[in-house]
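**Q** My structure is stored as final02.pdb, with PDB, C-alpha atoms and all ligand atoms.
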```pdb
ATOM      1  CA  MET A   1     -17.033  -1.036 -13.165
ATOM      2  CA  ALA A   2     -13.358  -0.293 -12.599
ATOM      3  CA  ARG A   3     -11.570  -2.623 -10.243
ATOM      4  CA  LYS A   4     -10.461  -1.415  -6.829
ATOM      5  CA  LYS A   5      -6.906  -0.072  -6.738
ATOM      6  CA  ILE A   6      -5.103  -1.258  -3.619
ATOM      7  CA  VAL A   7      -1.734  -0.587  -2.025
ATOM      8  CA  ALA A   8      -1.279  -2.833   1.009
ATOM      9  CA  GLY A   9       1.692  -2.735   3.368
ATOM     10  CA  ASN A  10       2.855  -5.999   4.877
ATOM     11  CA  TRP A  11       5.028  -4.920   7.768
ATOM     12  CA  LYS A  12       5.975  -8.543   8.549
ATOM     13  CA  MET A  13       7.838  -8.925  11.882
ATOM     14  CA  ASN A  14       8.975  -5.311  11.997
ATOM     15  CA  THR A  15       8.258  -2.358  14.307
ATOM     16  CA  VAL A  16       7.562  -2.297  18.021
ATOM     17  CA  PRO A  17       4.226  -0.696  18.903
ATOM     18  CA  ALA A  18       5.548   2.874  19.236
ATOM     19  CA  GLU A  19       7.272   2.638  15.849
ATOM     20  CA  GLY A  20       4.198   1.124  14.239
ATOM     21  CA  VAL A  21       1.950   3.886  15.549
ATOM     22  CA  GLU A  22       4.426   6.477  14.290
ATOM     23  CA  LEU A  23       4.537   4.852  10.860
ATOM     24  CA  ALA A  24       0.738   4.655  10.661
ATOM     25  CA  LYS A  25       0.406   8.299  11.666
ATOM     26  CA  SER A  26       2.898   9.330   8.990
ATOM     27  CA  VAL A  27       0.890   7.431   6.381
ATOM     28  CA  VAL A  28      -2.268   9.206   7.521
ATOM     29  CA  ALA A  29      -0.483  12.568   7.434
ATOM     30  CA  GLY A  30       0.701  12.136   3.839
ATOM     31  CA  ARG A  31      -2.340  10.338   2.521
ATOM     32  CA  SER A  32      -3.979  13.424   0.982
ATOM     33  CA  GLU A  33      -1.106  13.723  -1.512
ATOM     34  CA  VAL A  34      -2.239  10.510  -3.179
ATOM     35  CA  CYS A  35      -5.321   9.975  -5.352
ATOM     36  CA  GLU A  36      -8.440   9.143  -3.346
ATOM     37  CA  CYS A  37      -8.965   6.306  -5.798
ATOM     38  CA  VAL A  38      -6.215   4.314  -4.061
ATOM     39  CA  ASN A  39      -7.244   2.093  -1.164
ATOM     40  CA  PHE A  40      -4.431   1.894   1.378
ATOM     41  CA  ILE A  41      -4.184  -0.997   3.819
ATOM     42  CA  VAL A  42      -1.550  -1.452   6.523
ATOM     43  CA  CYS A  43      -0.846  -4.841   8.077
ATOM     44  CA  PRO A  44       1.168  -4.529  11.316
ATOM     45  CA  PRO A  45       2.108  -7.360  13.666
ATOM     46  CA  PHE A  46      -0.679  -8.625  15.969
ATOM     47  CA  THR A  47       0.839  -6.900  18.975
ATOM     48  CA  HIS A  48      -0.111  -3.426  17.825
ATOM     49  CA  LEU A  49      -3.097  -3.963  15.564
ATOM     50  CA  SER A  50      -5.374  -2.167  17.976
ATOM     51  CA  GLN A  51      -3.039   0.810  18.390
ATOM     52  CA  VAL A  52      -2.693   1.133  14.633
ATOM     53  CA  VAL A  53      -6.475   0.914  14.183
ATOM     54  CA  GLU A  54      -6.666   3.811  16.635
ATOM     55  CA  ALA A  55      -3.888   5.738  14.836
ATOM     56  CA  VAL A  56      -5.670   5.604  11.448
ATOM     57  CA  LYS A  57      -9.117   6.406  12.848
ATOM     58  CA  GLY A  58     -10.842   9.166  10.882
ATOM     59  CA  SER A  59      -8.810   8.379   7.737
ATOM     60  CA  ASP A  60      -9.701   5.995   4.905
ATOM     61  CA  ILE A  61      -6.750   3.738   5.661
ATOM     62  CA  ALA A  62      -7.735   0.189   6.514
ATOM     63  CA  VAL A  63      -5.915  -2.232   8.779
ATOM     64  CA  GLY A  64      -5.263  -5.919   8.258
ATOM     65  CA  ALA A  65      -3.566  -8.768  10.085
ATOM     66  CA  GLN A  66      -0.852 -10.945   8.574
ATOM     67  CA  ASP A  67      -2.453 -14.295   9.413
ATOM     68  CA  CYS A  68      -5.236 -15.843  11.492
ATOM     69  CA  ALA A  69      -5.938 -19.160  13.169
ATOM     70  CA  THR A  70      -7.567 -22.157  11.501
ATOM     71  CA  GLU A  71      -9.963 -22.536  14.432
ATOM     72  CA  ALA A  72     -12.596 -20.236  15.898
ATOM     73  CA  LYS A  73     -11.381 -20.344  19.513
ATOM     74  CA  GLY A  74     -10.206 -22.637  22.259
ATOM     75  CA  ALA A  75      -7.069 -24.422  23.387
ATOM     76  CA  TYR A  76      -4.675 -23.360  20.629
ATOM     77  CA  THR A  77      -1.767 -21.748  22.464
ATOM     78  CA  GLY A  78      -0.186 -18.865  20.627
ATOM     79  CA  GLU A  79      -2.852 -18.576  17.924
ATOM     80  CA  VAL A  80      -4.931 -15.498  17.106
ATOM     81  CA  ALA A  81      -8.518 -16.028  15.965
ATOM     82  CA  ALA A  82     -10.131 -14.164  13.075
ATOM     83  CA  GLN A  83     -12.850 -13.087  15.500
ATOM     84  CA  MET A  84     -10.260 -11.334  17.674
ATOM     85  CA  ILE A  85      -8.774  -9.559  14.669
ATOM     86  CA  ALA A  86     -12.182  -8.411  13.464
ATOM     87  CA  ALA A  87     -13.120  -7.253  16.967
ATOM     88  CA  LEU A  88     -10.184  -4.830  16.918
ATOM     89  CA  GLY A  89     -11.580  -3.108  13.846
ATOM     90  CA  CYS A  90      -9.434  -4.801  11.202
ATOM     91  CA  LYS A  91     -10.978  -5.339   7.783
ATOM     92  CA  TYR A  92      -8.405  -7.565   6.084
ATOM     93  CA  VAL A  93      -6.185 -10.553   6.723
ATOM     94  CA  ILE A  94      -3.241 -11.719   4.617
ATOM     95  CA  LEU A  95      -3.431 -15.487   4.101
ATOM     96  CA  GLY A  96      -1.008 -17.862   2.439
ATOM     97  CA  HIS A  97       1.965 -15.541   2.329
ATOM     98  CA  SER A  98       4.949 -17.443   0.921
ATOM     99  CA  GLU A  99       6.907 -16.948   4.151
ATOM    100  CA  ARG A 100       4.164 -18.767   6.021
ATOM    101  CA  ARG A 101       3.994 -21.486   3.381
ATOM    102  CA  GLN A 102       7.778 -21.861   3.416
ATOM    103  CA  TYR A 103       8.689 -21.491   7.108
ATOM    104  CA  TYR A 104       5.518 -22.463   8.954
ATOM    105  CA  GLY A 105       4.133 -25.306   6.900
ATOM    106  CA  GLU A 106       1.076 -23.481   5.579
ATOM    107  CA  THR A 107      -0.858 -25.746   3.232
ATOM    108  CA  SER A 108      -4.005 -25.507   1.166
ATOM    109  CA  GLU A 109      -5.707 -27.544   3.879
ATOM    110  CA  SER A 110      -4.915 -25.034   6.634
ATOM    111  CA  LEU A 111      -5.643 -22.147   4.283
ATOM    112  CA  ASN A 112      -9.122 -23.426   3.517
ATOM    113  CA  LYS A 113      -9.873 -23.330   7.240
ATOM    114  CA  LYS A 114      -8.352 -19.864   7.662
ATOM    115  CA  MET A 115     -10.327 -18.513   4.727
ATOM    116  CA  ALA A 116     -13.520 -19.871   6.286
ATOM    117  CA  GLN A 117     -12.642 -18.202   9.597
ATOM    118  CA  ALA A 118     -11.882 -14.913   7.870
ATOM    119  CA  TYR A 119     -15.220 -14.865   6.043
ATOM    120  CA  ALA A 120     -17.181 -16.005   9.076
ATOM    121  CA  ASN A 121     -15.886 -12.902  10.838
ATOM    122  CA  GLY A 122     -16.344 -10.406   8.043
ATOM    123  CA  LEU A 123     -12.663 -10.081   7.121
ATOM    124  CA  THR A 124     -11.534  -9.782   3.512
ATOM    125  CA  PRO A 125      -8.677 -12.194   2.801
ATOM    126  CA  ILE A 126      -5.648 -11.071   0.808
ATOM    127  CA  TYR A 127      -4.774 -14.490  -0.537
ATOM    128  CA  CYS A 128      -1.170 -14.864  -1.719
ATOM    129  CA  VAL A 129       0.069 -17.100  -4.485
ATOM    130  CA  GLY A 130       3.395 -17.346  -6.262
ATOM    131  CA  GLU A 131       6.180 -19.619  -7.429
ATOM    132  CA  ASN A 132       9.760 -19.978  -6.188
ATOM    133  CA  LEU A 133      12.824 -19.557  -8.363
ATOM    134  CA  GLU A 134      13.155 -23.246  -9.206
ATOM    135  CA  GLU A 135       9.544 -23.407 -10.302
ATOM    136  CA  ARG A 136       9.920 -20.249 -12.400
ATOM    137  CA  GLU A 137      13.065 -21.546 -14.080
ATOM    138  CA  ALA A 138      11.388 -24.853 -14.858
ATOM    139  CA  GLY A 139       8.493 -22.944 -16.434
ATOM    140  CA  ASN A 140       6.083 -24.214 -13.772
ATOM    141  CA  HIS A 141       4.929 -20.827 -12.484
ATOM    142  CA  PHE A 142       1.556 -21.029 -14.222
ATOM    143  CA  ALA A 143       0.838 -24.493 -12.848
ATOM    144  CA  VAL A 144       1.926 -23.532  -9.316
ATOM    145  CA  CYS A 145      -0.319 -20.470  -9.177
ATOM    146  CA  LYS A 146      -3.207 -22.386 -10.734
ATOM    147  CA  ALA A 147      -2.963 -25.128  -8.100
ATOM    148  CA  GLN A 148      -2.758 -22.604  -5.246
ATOM    149  CA  ILE A 149      -5.938 -21.003  -6.564
ATOM    150  CA  GLU A 150      -7.838 -24.170  -7.412
ATOM    151  CA  GLU A 151      -7.131 -25.763  -4.044
ATOM    152  CA  VAL A 152      -8.369 -22.796  -2.023
ATOM    153  CA  VAL A 153     -10.148 -20.067  -3.970
ATOM    154  CA  PHE A 154     -12.258 -22.540  -5.957
ATOM    155  CA  ASN A 155     -13.831 -23.646  -2.668
ATOM    156  CA  LEU A 156     -15.309 -20.202  -2.063
ATOM    157  CA  THR A 157     -18.931 -19.339  -2.673
ATOM    158  CA  GLU A 158     -19.701 -16.624  -5.229
ATOM    159  CA  GLU A 159     -20.499 -14.285  -2.364
ATOM    160  CA  GLN A 160     -17.145 -14.946  -0.699
ATOM    161  CA  PHE A 161     -15.269 -14.611  -3.969
ATOM    162  CA  ALA A 162     -16.807 -11.158  -4.448
ATOM    163  CA  ASN A 163     -14.948 -10.157  -1.294
ATOM    164  CA  LEU A 164     -11.466 -11.432  -2.051
ATOM    165  CA  VAL A 165      -8.143  -9.831  -2.917
ATOM    166  CA  ILE A 166      -5.418 -11.910  -4.544
ATOM    167  CA  ALA A 167      -1.728 -11.097  -4.341
ATOM    168  CA  TYR A 168       0.698 -12.610  -6.830
ATOM    169  CA  GLU A 169       4.136 -12.658  -5.235
ATOM    170  CA  PRO A 170       6.958 -14.500  -6.963
ATOM    171  CA  VAL A 171       9.027 -15.848  -4.062
ATOM    172  CA  TRP A 172      12.258 -15.028  -5.917
ATOM    173  CA  ALA A 173      11.331 -11.353  -5.918
ATOM    174  CA  ILE A 174      10.373 -11.018  -2.252
ATOM    175  CA  GLY A 175      12.876  -8.996  -0.282
ATOM    176  CA  THR A 176      15.564  -9.750  -2.869
ATOM    177  CA  GLY A 177      15.558  -6.462  -4.728
ATOM    178  CA  LYS A 178      14.718  -8.477  -7.863
ATOM    179  CA  THR A 179      11.383  -7.426  -9.303
ATOM    180  CA  ALA A 180       9.362  -9.248 -11.894
ATOM    181  CA  THR A 181       9.243  -7.141 -15.026
ATOM    182  CA  ALA A 182       5.968  -5.408 -15.710
ATOM    183  CA  GLU A 183       5.500  -7.840 -18.613
ATOM    184  CA  GLN A 184       6.089 -10.878 -16.399
ATOM    185  CA  ALA A 185       3.606  -9.504 -13.881
ATOM    186  CA  GLN A 186       0.970  -8.811 -16.523
ATOM    187  CA  GLU A 187       1.428 -12.220 -18.101
ATOM    188  CA  ILE A 188       0.753 -14.104 -14.904
ATOM    189  CA  HIS A 189      -1.912 -11.724 -13.582
ATOM    190  CA  ALA A 190      -3.848 -12.180 -16.823
ATOM    191  CA  TYR A 191      -3.404 -15.939 -16.463
ATOM    192  CA  ILE A 192      -4.633 -15.882 -12.849
ATOM    193  CA  ARG A 193      -7.683 -13.909 -13.943
ATOM    194  CA  GLU A 194      -8.348 -16.469 -16.658
ATOM    195  CA  VAL A 195      -8.204 -19.255 -14.060
ATOM    196  CA  LEU A 196     -10.626 -17.286 -11.858
ATOM    197  CA  ARG A 197     -12.926 -16.705 -14.851
ATOM    198  CA  SER A 198     -13.093 -20.447 -15.531
ATOM    199  CA  LYS A 199     -14.739 -20.883 -12.130
ATOM    200  CA  PHE A 200     -16.453 -17.593 -11.294
ATOM    201  CA  GLY A 201     -17.181 -16.168 -14.750
ATOM    202  CA  ALA A 202     -17.574 -12.414 -15.100
ATOM    203  CA  ALA A 203     -17.025 -11.879 -11.351
ATOM    204  CA  ALA A 204     -13.328 -12.486 -12.066
ATOM    205  CA  GLU A 205     -13.195  -9.058 -13.688
ATOM    206  CA  GLU A 206     -13.918  -7.451 -10.317
ATOM    207  CA  CYS A 207     -11.283  -9.280  -8.280
ATOM    208  CA  PRO A 208      -8.262  -7.104  -7.445
ATOM    209  CA  ILE A 209      -4.972  -8.880  -8.170
ATOM    210  CA  LEU A 210      -1.974  -7.224  -6.495
ATOM    211  CA  TYR A 211       1.668  -7.631  -7.384
ATOM    212  CA  GLY A 212       4.201  -8.171  -4.596
ATOM    213  CA  GLY A 213       7.950  -8.595  -4.555
ATOM    214  CA  SER A 214      10.425  -5.700  -4.231
ATOM    215  CA  CYS A 215       7.810  -3.227  -5.393
ATOM    216  CA  LYS A 216       9.050   0.310  -4.739
ATOM    217  CA  PRO A 217       8.413   3.903  -5.808
ATOM    218  CA  SER A 218      10.748   3.564  -8.788
ATOM    219  CA  ASN A 219       8.990   0.575 -10.362
ATOM    220  CA  ALA A 220       5.390   0.816  -9.129
ATOM    221  CA  ALA A 221       4.049   3.007 -11.936
ATOM    222  CA  GLU A 222       5.306   0.730 -14.679
ATOM    223  CA  ILE A 223       3.879  -2.377 -13.008
ATOM    224  CA  PHE A 224       0.547  -0.760 -12.030
ATOM    225  CA  ALA A 225       0.078   0.464 -15.608
ATOM    226  CA  LYS A 226      -0.537  -3.100 -16.727
ATOM    227  CA  ALA A 227      -4.135  -4.052 -17.406
ATOM    228  CA  ASP A 228      -4.448  -6.866 -14.890
ATOM    229  CA  VAL A 229      -2.329  -5.401 -12.099
ATOM    230  CA  ASP A 230      -4.569  -3.678  -9.564
ATOM    231  CA  GLY A 231      -1.977  -2.570  -7.043
ATOM    232  CA  GLY A 232       0.686  -3.970  -4.794
ATOM    233  CA  LEU A 233       1.407  -5.882  -1.609
ATOM    234  CA  ILE A 234       4.441  -4.087  -0.287
ATOM    235  CA  GLY A 235       6.976  -5.426   2.224
ATOM    236  CA  GLY A 236      10.208  -3.518   2.745
ATOM    237  CA  ALA A 237       9.057  -0.276   1.149
ATOM    238  CA  ALA A 238       5.967  -0.185   3.389
ATOM    239  CA  LEU A 239       8.175   0.490   6.399
ATOM    240  CA  LYS A 240       8.822   4.052   5.251
ATOM    241  CA  ALA A 241       5.659   6.134   4.994
ATOM    242  CA  GLU A 242       7.147   8.262   2.258
ATOM    243  CA  ASP A 243       7.944   5.263   0.037
ATOM    244  CA  PHE A 244       4.657   3.544   0.782
ATOM    245  CA  LEU A 245       2.705   6.646  -0.213
ATOM    246  CA  ALA A 246       4.920   7.230  -3.266
ATOM    247  CA  ILE A 247       4.004   3.728  -4.453
ATOM    248  CA  GLY A 248       0.355   4.838  -4.313
ATOM    249  CA  LYS A 249       1.248   7.659  -6.649
ATOM    250  CA  GLY A 250       2.189   4.960  -9.163
ATOM    251  CA  PHE A 251      -1.462   4.853 -10.298
TER     252      PHE A 251
HETATM  253  P1  LIG A 301       8.989  -7.077  -0.372
HETATM  254  O1  LIG A 301       7.905  -8.063   0.261
HETATM  255  O2  LIG A 301       8.226  -5.890  -0.919
HETATM  256  O3  LIG A 301       9.895  -6.720   0.765
HETATM  257  O4  LIG A 301       9.685  -7.833  -1.458
HETATM  258  C1  LIG A 301       6.658  -8.239  -0.333
HETATM  259  C2  LIG A 301       5.860  -9.245   0.461
HETATM  260  O5  LIG A 301       6.413 -10.261   0.890
HETATM  261  O6  LIG A 301       4.653  -9.056   0.699
END
```
What's the structure tokens form of this structure?
**A**
Amino acid sequence: MARKKIVAGNWKMNTVPAEGVELAKSVVAGRSEVCECVNFIVCPPFTHLSQVVEAVKGSDIAVGAQDCATEAKGAYTGEVAAQMIAALGCKYVILGHSERRQYYGETSESLNKKMAQAYANGLTPIYCVGENLEEREAGNHFAVCKAQIEEVVFNLTEEQFANLVIAYEPVWAIGTGKTATAEQAQEIHAYIREVLRSKFGAAAEECPILYGGSCKPSNAAEIFAKADVDGGLIGGAALKAEDFLAIGKGF
């Protein structure tokens, strides 16, 4: 079975609701120009998840959140529970994005709890891994990604693992305009799959592994052509419907 091809847009802390709805509608409007084989996901800020779910209704575009709480509900001021996200009609949640690891103290411990919350509420996690520049330059990128997977993904059941998307995002390539070469992406994607295989066996062949980090229309095709790259997690370029859709044409 061929692996799912996915192009997911991580809007980060961009767009007010009216802009987000507009962007989502433009993606819907242009969607038919891209192969049906591509699964598009948009991940707006919490504030307009429900309006974006409404805006993509009737299309095959899915909606995801950018994070969820470690706890199910209760006295956790400012947090958003996975149950709330799922209740809006979202199907995905990005977990472990490097910006959350770097700026908000996300750890494997909190991520294990968030993953459990996501699965308990029927959400598919898009679990992010990736090394920073120092780690890459020291040749530690394999070890960093392996640890991020072992400490979280290895705790999943086989059933949960069958419903997981992984995103490899080298921190040095995020928002910097620097992209990993297609060869660098393939090398580490193949390695990540090998790590997954050591725990989950043949099921690792089915797990989509997305590349993220300054992915854009001009480099998507070359990166997506690699055997173990199953799509992209797109930041900056996801904020323009035309570019986001053009990335989908990279398949
Ligand atoms: P970028 O962000 O495409 O703007 O580099 C990717 C991401 O952080 O998901």
**Q** Set up a box along x, y and z of the file covering all listed atoms of ligand LIG 301 (chain A), add 3 Å on every one of the six sides, and write the centre and edge lengths in Å to one decimal, as AutoDock Vina command-line options.
**A**
```
--center_x 7.3 --center_y -8.1 --center_z -0.3 --size_x 11.2 --size_y 10.4 --size_z 8.3
```
**Q** Just the number, please: distance in Å from CA of Leu239 (chain A) to CA of Ile94 (chain A), one decimal.
**A**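 Straight-line distance from CA of Leu239 (chain A) to CA of Ile94 (chain A) works out to 16.8 Å.
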**Q** Check the smallest atom-to-atom distance from each of A:Gly130, A:Gly177, A:Gly9, A:Gly122 to Glu99 (chain A) using only C-alpha atoms, then report the winner.
**A** A:Gly130
**Q** List all protein, DNA and RNA residues that have an atom no more than 7 Å from any atom of ligand LIG 301 (chain A), counting all atoms listed in the file, and report them as a ChimeraX atom specification.
**A** /A:10,169,173-177,212-215,233-237
**Q** For this structure, which residues satisfy the selection - the PyMOL selection byres (((chain A and resi 164) around 6) and not hetatm) - when it is evaluated on the file as given? I want them as a PDB file with C-alpha atoms, keeping the file's coordinate frame.
**A**
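Dumped everything to selection01.pdb:
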```
ATOM      1  CA  THR A 124     -11.534  -9.782   3.512  1.00  0.00           C
ATOM      2  CA  PRO A 125      -8.677 -12.194   2.801  1.00  0.00           C
ATOM      3  CA  PHE A 161     -15.269 -14.611  -3.969  1.00  0.00           C
ATOM      4  CA  ALA A 162     -16.807 -11.158  -4.448  1.00  0.00           C
ATOM      5  CA  ASN A 163     -14.948 -10.157  -1.294  1.00  0.00           C
ATOM      6  CA  VAL A 165      -8.143  -9.831  -2.917  1.00  0.00           C
TER       7      VAL A 165
END
```
**Q** What does the distance from CA of Lys216 (chain A) to CA of Val153 (chain A) come to in Å, to one decimal?
**A**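 Distance between the two atoms: 28.0 Å.
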**Q** Since I can't run it myself right now, could you work out what the PyMOL selection byres (((chain A and resi 4) around 7) and not hetatm) selects here and report it as a ChimeraX atom specification?
**A** /A:2-3,5-6,208,230
**Q** Going by the chain IDs and residue numbers used in this file, which residues fall under the PyMOL selection byres (((chain A and resi 251) around 9) and not hetatm)? Write them as a list in words.
**A**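 That expression, the PyMOL selection byres (((chain A and resi 251) around 9) and not hetatm), corresponds here to Lys5, Cys35, Cys37, Val38, Ala220, Ala221, Phe224, Ala225, Gly231, Ile247, Gly248, Lys249 and Gly250 of chain A.
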**Q** Just need region 96-122 of chain A in a file, please: N, CA and C atoms, as a JSON list (two decimals), in the first residue's frame.
**A**
```json
[["chain", "number", "residue", "atom", "x", "y", "z"],
["A", 96, "GLY", "N", 4.71, 18.85, 19.69],
["A", 96, "GLY", "CA", 6.17, 18.82, 19.77],
["A", 96, "GLY", "C", 6.86, 19.70, 18.74],
["A", 97, "HIS", "N", 6.15, 20.68, 18.23],
["A", 97, "HIS", "CA", 6.81, 21.59, 17.29],
["A", 97, "HIS", "C", 8.02, 22.21, 17.98],
["A", 98, "SER", "N", 9.08, 22.44, 17.23],
["A", 98, "SER", "CA", 10.33, 22.94, 17.83],
["A", 98, "SER", "C", 10.14, 24.28, 18.52],
["A", 99, "GLU", "N", 9.21, 25.10, 18.02],
["A", 99, "GLU", "CA", 8.98, 26.40, 18.67],
["A", 99, "GLU", "C", 8.39, 26.18, 20.06],
["A", 100, "ARG", "N", 7.58, 25.17, 20.21],
["A", 100, "ARG", "CA", 7.03, 24.87, 21.54],
["A", 100, "ARG", "C", 8.09, 24.24, 22.43],
["A", 101, "ARG", "N", 8.94, 23.41, 21.84],
["A", 101, "ARG", "CA", 10.02, 22.82, 22.65],
["A", 101, "ARG", "C", 10.97, 23.92, 23.11],
["A", 102, "GLN", "N", 11.28, 24.84, 22.19],
["A", 102, "GLN", "CA", 12.28, 25.87, 22.45],
["A", 102, "GLN", "C", 11.78, 27.00, 23.34],
["A", 103, "TYR", "N", 10.57, 27.52, 23.05],
["A", 103, "TYR", "CA", 10.09, 28.71, 23.77],
["A", 103, "TYR", "C", 9.16, 28.40, 24.94],
["A", 104, "TYR", "N", 8.54, 27.22, 24.93],
["A", 104, "TYR", "CA", 7.52, 26.96, 25.95],
["A", 104, "TYR", "C", 7.81, 25.71, 26.78],
["A", 105, "GLY", "N", 9.07, 25.29, 26.73],
["A", 105, "GLY", "CA", 9.49, 24.22, 27.62],
["A", 105, "GLY", "C", 8.83, 22.87, 27.38],
["A", 106, "GLU", "N", 8.43, 22.61, 26.16],
["A", 106, "GLU", "CA", 7.83, 21.30, 25.85],
["A", 106, "GLU", "C", 8.88, 20.21, 26.03],
["A", 107, "THR", "N", 8.50, 19.15, 26.72],
["A", 107, "THR", "CA", 9.43, 18.04, 26.95],
["A", 107, "THR", "C", 8.77, 16.73, 26.55],
["A", 108, "SER", "N", 9.55, 15.69, 26.52],
["A", 108, "SER", "CA", 8.98, 14.37, 26.20],
["A", 108, "SER", "C", 7.90, 14.01, 27.22],
["A", 109, "GLU", "N", 8.11, 14.44, 28.46],
["A", 109, "GLU", "CA", 7.14, 14.12, 29.51],
["A", 109, "GLU", "C", 5.78, 14.77, 29.20],
["A", 110, "SER", "N", 5.79, 16.06, 28.87],
["A", 110, "SER", "CA", 4.51, 16.71, 28.55],
["A", 110, "SER", "C", 3.95, 16.15, 27.24],
["A", 111, "LEU", "N", 4.83, 15.82, 26.32],
["A", 111, "LEU", "CA", 4.35, 15.31, 25.03],
["A", 111, "LEU", "C", 3.71, 13.94, 25.14],
["A", 112, "ASN", "N", 4.20, 13.13, 26.05],
["A", 112, "ASN", "CA", 3.55, 11.83, 26.26],
["A", 112, "ASN", "C", 2.10, 12.02, 26.72],
["A", 113, "LYS", "N", 1.90, 13.00, 27.58],
["A", 113, "LYS", "CA", 0.54, 13.27, 28.07],
["A", 113, "LYS", "C", -0.33, 13.84, 26.96],
["A", 114, "LYS", "N", 0.23, 14.74, 26.16],
["A", 114, "LYS", "CA", -0.54, 15.34, 25.06],
["A", 114, "LYS", "C", -0.91, 14.29, 24.01],
["A", 115, "MET", "N", 0.02, 13.40, 23.74],
["A", 115, "MET", "CA", -0.27, 12.34, 22.76],
["A", 115, "MET", "C", -1.44, 11.49, 23.28],
["A", 116, "ALA", "N", -1.40, 11.17, 24.56],
["A", 116, "ALA", "CA", -2.47, 10.35, 25.14],
["A", 116, "ALA", "C", -3.81, 11.08, 25.02],
["A", 117, "GLN", "N", -3.80, 12.38, 25.28],
["A", 117, "GLN", "CA", -5.04, 13.17, 25.17],
["A", 117, "GLN", "C", -5.53, 13.20, 23.73],
["A", 118, "ALA", "N", -4.61, 13.36, 22.79],
["A", 118, "ALA", "CA", -4.98, 13.40, 21.38],
["A", 118, "ALA", "C", -5.66, 12.09, 20.99],
["A", 119, "TYR", "N", -5.04, 10.98, 21.32],
["A", 119, "TYR", "CA", -5.61, 9.68, 20.94],
["A", 119, "TYR", "C", -6.93, 9.40, 21.65],
["A", 120, "ALA", "N", -7.00, 9.79, 22.90],
["A", 120, "ALA", "CA", -8.24, 9.54, 23.66],
["A", 120, "ALA", "C", -9.42, 10.27, 23.03],
["A", 121, "ASN", "N", -9.12, 11.30, 22.25],
["A", 121, "ASN", "CA", -10.19, 12.10, 21.64],
["A", 121, "ASN", "C", -10.26, 11.95, 20.12],
["A", 122, "GLY", "N", -9.60, 10.93, 19.62],
["A", 122, "GLY", "CA", -9.71, 10.61, 18.20],
["A", 122, "GLY", "C", -8.95, 11.53, 17.27]]
```
